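The block underneath contains the structure these notes are about, expressed in structure tokens.
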Number of protein chains: 2
Amino acid sequence: MPVGTRGTVKSLTPVHLNGLNAQIILGNTYHLYLRPGTEIIQKAGGIHKFVGWNKPMLTDSGGFQVMSLKGLRKITPEGVRFQSHIDGSYHMFTPERVIEIQNQIGADIIMSFDECPPFPATKKYVSESLKTTLDWAKRGKNAHKRDDQALFGIVQGGIYENLREESAKKIIEMDFPGYSIGGLAVGENKRDMFNITNFLNKILPQENPRYLMGVGTPSDILKNIANGIDMFDCVMPTRNARKGTVFTSKGRLIIKSARYKEDFSPLDPDCECYTCRNFSRAYIRHLLSVNEILGMTLCSIHSLHFYLNLVKRARQEILNDNYENFLNDNCEILDSRIQ
Amino acid sequence: MPVGTRGTVKSLTPVHLNGLNAQIILGNTYHLYLRPGTEIIQKAGGIHKFVGWNKPMLTDSGGFQVMSLKGLRKITPEGVRFQSHIDGSYHMFTPERVIEIQNQIGADIIMSFDECPPFPATKKYVSESLKTTLDWAKRGKNAHKRDDQALFGIVQGGIYENLREESAKKIIEMDFPGYSIGGLAVGENKRDMFNITNFLNKILPQENPRYLMGVGTPSDILKNIANGIDMFDCVMPTRNARKGTVFTSKGRLIIKSARYKEDFSPLDPDCECYTCRNFSRAYIRHLLSVNEILGMTLCSIHSLHFYLNLVKRARQEILNDNYENFLNDNCEILDSRIQ
């Protein structure tokens with residue numbers, strides 16, 4: 001899922017997103033709640049109408065953003081009291097309130113409010129936190145009012161297998177249409193991340209979608225698909241693109257490097273995106289060097305195309321019963337840097 | 001002509017420019033010469049290929065930019081020695097060199113190198129400067145090497161009718177395919193600008209296009225069309241758009257105003273551009289309030305559509321023999337601010 005934090009996938013119009021065949025866009029509950037504010041989105045007729053996107057959307061729970069507000073938030077069993085990172089104003093997120101906000105925003109898939117433990121965190125902390133998240137999942141489920149929105153439960157438990165197991169089993173008992181895995185890609189070792197998704201693969205029900213939140217690099221995605229993950233979101237393709245690093249079939253390309261000054265080939269000769277069909281490395285390098293917005297737009301289009309194409313390819317390889325070969329052939333090169 | 005200073009109309013992809021039916025884009029010789037540099041554009045196969053625009057393009061002479069480099073340039077009969085505003089490096093623009101640069105950049109319409117007097121300037125200064133510009137026009141014409149590029153002569157002479165007359169007559173004698181009017185919209189009274197274009201209307205040949213450089217507001221354009229001007233360029237629609245002021249059929253609209261917070265109507269209810277067909281004032285206000293690029297893009301699309309539609313309408317009203325009524329009915333409202 002391309003990430004549209006504040007109601008826009010940065011630097012792109014829906015024309016380009018549609019051209020990429022993007023199927024679902026993520027919005028951040030925390031950011032949308034603060035600006036423009038839930039009420040305005042509701043008055044607009046919901047998030048799809050407000051942002052001009054008539055395909056699926058997903059909102060996250062705000063748990064991760066609130067966790068990141070260190071020193072500006074206080075967690076209690078009731079919920080989280082926090083200060084806005086923008087103006088310092090005080091707000092309260094309870095599991096009921098977060099569902100109400102997401103009901104008003106109106107995305108197709110919404111998330112239970114969770115307490116996302118930071119990394120590192122002691123097993124004791126994560127274990128206590130888990131109880132809170134489970135209680136909040138139940139309260140959120142009871143508060144959920146719209147049957148046209150799929151509410152996902154979130155599995156927490158840090159890097160601890162037995163806590164993940166406890167979390168998953170209790171969340172599955174509550175019977176959600178989909179399950180998210182939170183609290184990974186927050187600073188832990190990659191081995192620990194893959195270990196947990198592999199571990200949960202045996203526990204989470206096959207018939208419900210599994211969503212790994214906030215992941216990741218191309219190889220992170222391929223490896224986690226092997227561990228049964230169905231959905232991902234990450235700012236990486238677009239954020240890196242705006243800073244001039246794009247993902248290609250040969251690895252990461254740092255387009256601002258002087259070596260591309262007179263390179264009139266496309267970012268990725270194997271790519272068929274709008275950017276690669278029409279523009280050269282030299283032109284894109286020029287645009288980024290002089291801080292022209294179009295440089296960010298063209299790189300974002302390319303990297304989103306690359307990501308969306310990668311998962312499309314992955315689906316096909318699974319159907320062809322060839323996923324393991326595909327994974328082994330590609331992981332290393334995709335995360336390398338083009339030298 | 002939408003302005004694409006450094007090889008891009010800021011914040012837009014060619015997809016949107018084509019959607020606007022833009023026919024010709026301007027690039028700035030001074031900026032392109034410095035970055036990415038003429039050589040790179042030439043190696044790319046020319047400016048059209050470099051920027052991915054296969055319709056006409058025009059480059060200016062650099063005269064205006066060099067004039068603006070106060071304290072960083074020295075004008076002699078030979079040309080202008082100046083320092084780059086970016087890194088202070090020294091460069092020399094002669095009329096021959098400026099034509100060579102434009103031959104290499106490869107736009108369809110190019111400009112003679114002119115000395116653009118600042119405003120205010122004494123009649124004596126403007127008169128001397130004019131002699132330089134005439135000499136440079138002749139030298140540039142002799143240096144021009146490509147018959148697939150139309151080289152325009154530039155009329156200077158400040159706000160002084162007799163100097164404009166002298167300039168125009170001598171430039172016309174040199175026989176250019178088109179004539180530009182420079183040195184207006186540089187700080188003089190609007191009355192003086194209209195007086196000069198009206199005055200030149202009687203002198204410039206009817207069969208050659210007349211291009212008023214760097215103008216202007218919607219009413220400036222309509223009034224100058226009445227004075228026989230055929231071509232305009234201005235950063236106003238796009239620059240103002242990026243700062244949140246758009247032009248509409250009811251006047252200028254300052255979209256960041258709090259009153260549009262919950263206004264779900266389009267920027268201009270009478271407009272059929274991509275932005276007005278798909279997005280609300282409330283959404284665009286939100287985007288600009290949180291500094292999202294898409295806000296700049298959507299406002300730029302709207303204002304360019306407004307400008308291009310305005311001149312399209314003007315052409316039709318001329319054909320209908322109704323231009324004077326059209327002018328009188330629209331000028332005041334177009335430049336007003338929506339309260």
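In the structure tokens, chains take letters A, B, ... by order of appearance, with residues numbered from 1 within each chain and ligands from 1 in the order shown.
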I want to know what sits within 8 Å of Phe306 of chain B, based on only C-alpha atoms, with residues of the same chain fewer than 2 positions away left out; could you give that as a PDB file with N, CA and C atoms, in the first residue's frame?
```pdb
ATOM      1  N   PHE B 247      -6.363  32.082  -9.637  1.00  0.00           N
ATOM      2  CA  PHE B 247      -7.198  32.977 -10.421  1.00  0.00           C
ATOM      3  C   PHE B 247      -8.478  32.245 -10.795  1.00  0.00           C
ATOM      4  N   THR B 248      -9.606  32.934 -10.663  1.00  0.00           N
ATOM      5  CA  THR B 248     -10.893  32.330 -11.021  1.00  0.00           C
ATOM      6  C   THR B 248     -11.709  33.338 -11.814  1.00  0.00           C
ATOM      7  N   CYS B 271     -15.318  26.266 -13.600  1.00  0.00           N
ATOM      8  CA  CYS B 271     -14.113  25.748 -14.249  1.00  0.00           C
ATOM      9  C   CYS B 271     -14.226  24.241 -14.474  1.00  0.00           C
ATOM     10  N   HIS B 302      -5.003  24.335 -11.902  1.00  0.00           N
ATOM     11  CA  HIS B 302      -6.178  25.209 -12.058  1.00  0.00           C
ATOM     12  C   HIS B 302      -5.811  26.545 -12.695  1.00  0.00           C
ATOM     13  N   SER B 303      -4.789  27.202 -12.156  1.00  0.00           N
ATOM     14  CA  SER B 303      -4.505  28.556 -12.643  1.00  0.00           C
ATOM     15  C   SER B 303      -3.976  28.555 -14.075  1.00  0.00           C
ATOM     16  N   LEU B 304      -3.215  27.539 -14.445  1.00  0.00           N
ATOM     17  CA  LEU B 304      -2.778  27.456 -15.850  1.00  0.00           C
ATOM     18  C   LEU B 304      -3.990  27.210 -16.749  1.00  0.00           C
ATOM     19  N   LEU B 308      -4.956  29.661 -19.790  1.00  0.00           N
ATOM     20  CA  LEU B 308      -5.018  29.149 -21.169  1.00  0.00           C
ATOM     21  C   LEU B 308      -6.440  29.271 -21.716  1.00  0.00           C
ATOM     22  N   ASN B 309      -7.417  29.087 -20.830  1.00  0.00           N
ATOM     23  CA  ASN B 309      -8.800  29.210 -21.238  1.00  0.00           C
ATOM     24  C   ASN B 309      -9.166  30.666 -21.519  1.00  0.00           C
ATOM     25  N   LEU B 310      -8.562  31.555 -20.751  1.00  0.00           N
ATOM     26  CA  LEU B 310      -8.825  32.986 -20.923  1.00  0.00           C
ATOM     27  C   LEU B 310      -8.371  33.452 -22.313  1.00  0.00           C
TER      28      LEU B 310
END
```
Using only C-alpha atoms, which protein or nucleic acid residues come within 9 Å of His16 of chain A? Drop anything in the same chain fewer than 3 positions from it, and give the result as a CSV table (one decimal) with C-alpha atoms, in the first residue's frame.
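part.csv, written as the output of this step:
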```csv
chain,number,residue,atom,x,y,z
A,12,LEU,CA,1.5,12.4,-6.7
A,13,THR,CA,-2.0,13.2,-8.1
A,19,GLY,CA,-1.7,4.8,-13.7
A,20,LEU,CA,0.3,2.7,-11.3
A,21,ASN,CA,-2.7,0.5,-10.7
A,274,TYR,CA,5.8,6.5,-16.8
A,301,ILE,CA,6.2,7.1,-9.5
B,15,VAL,CA,0.7,14.4,-18.3
```
Show me which bits of chain A are within 8 Å of chain B, counting only C-alpha atoms, as a ChimeraX atom specification. /A:8,10-13,35-36,40,43-44,50-52,261-262,264,278-280,283,286,290,292-294
Length of the atom CA of Pro269 of chain B to atom CA of Pro237 of chain B vector [Å]: 18.2 Å
Who sits within 10 Å of His144 of chain B, only C-alpha atoms, same chain under 5 positions skipped, as a PDB file with C-alpha atoms, in the first residue's frame:
```pdb
ATOM      1  CA  PRO B  95      25.044  38.133 -28.405  1.00  0.00           C
ATOM      2  CA  GLU B  96      26.843  35.430 -30.408  1.00  0.00           C
ATOM      3  CA  ARG B  97      27.268  33.197 -27.378  1.00  0.00           C
ATOM      4  CA  VAL B  98      23.620  33.555 -26.331  1.00  0.00           C
ATOM      5  CA  ILE B  99      22.501  32.488 -29.804  1.00  0.00           C
ATOM      6  CA  GLU B 100      24.950  29.586 -29.752  1.00  0.00           C
ATOM      7  CA  GLN B 102      20.020  28.693 -27.664  1.00  0.00           C
ATOM      8  CA  ASN B 103      20.990  26.821 -30.847  1.00  0.00           C
ATOM      9  CA  ILE B 110      14.622  31.830 -29.484  1.00  0.00           C
ATOM     10  CA  SER B 112      18.107  37.926 -29.447  1.00  0.00           C
ATOM     11  CA  ARG B 139      25.306  40.343 -34.225  1.00  0.00           C
ATOM     12  CA  GLN B 149      14.491  27.873 -34.951  1.00  0.00           C
ATOM     13  CA  ALA B 150      12.678  31.212 -35.244  1.00  0.00           C
ATOM     14  CA  LEU B 151      14.851  34.009 -33.859  1.00  0.00           C
TER      15      LEU B 151
END
```
Quick check for you: according to DSSP on this backbone, which residues of segment 86-317 of chain B are classed as strand (DSSP E)? Reply as a VMD selection string. chain B and resid 90 to 93 109 to 111 150 to 155 179 to 181 210 to 212 231 to 232 245 to 248 251 to 254
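Using only C-alpha atoms, the contacts of Val155 of chain A at a cut-off of 9 Å, with sequence neighbours closer than 6 positions omitted, comprise Asp114, Leu130, Thr133, Leu134, Arg164, Glu165, Ser167, Ala168, Ile171, Tyr179, Ser180, Ile181, Gly182 and Gly183 of chain A.
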Limited to C-alpha atoms, could you put the picked residues into a file as a compact mmCIF listing (two decimals), in the first residue's frame?
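Saved the output as again-v6.txt:
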```
# COMPACT_ATOMS: atom_id res chain seq x y z
CA ASP A 114 -2.96 -0.81 20.20
CA LEU A 130 0.04 -6.80 25.63
CA THR A 133 -3.67 -4.03 23.74
CA LEU A 134 -5.93 -7.08 24.14
CA ARG A 164 3.27 -13.25 20.25
CA GLU A 165 1.57 -16.61 20.63
CA SER A 167 -1.42 -12.20 21.67
CA ALA A 168 -2.31 -13.99 18.44
CA ILE A 171 -6.94 -11.84 19.19
CA TYR A 179 -4.97 -9.58 11.51
CA SER A 180 -2.23 -6.99 11.66
CA ILE A 181 1.23 -7.56 13.05
CA GLY A 182 2.43 -4.49 14.91
CA GLY A 183 5.56 -3.64 16.83
```
What does the structure give for the distance between atom CA of Arg252 of chain A and atom CA of Cys276 of chain A, in Å to one decimal? 15.1 Å
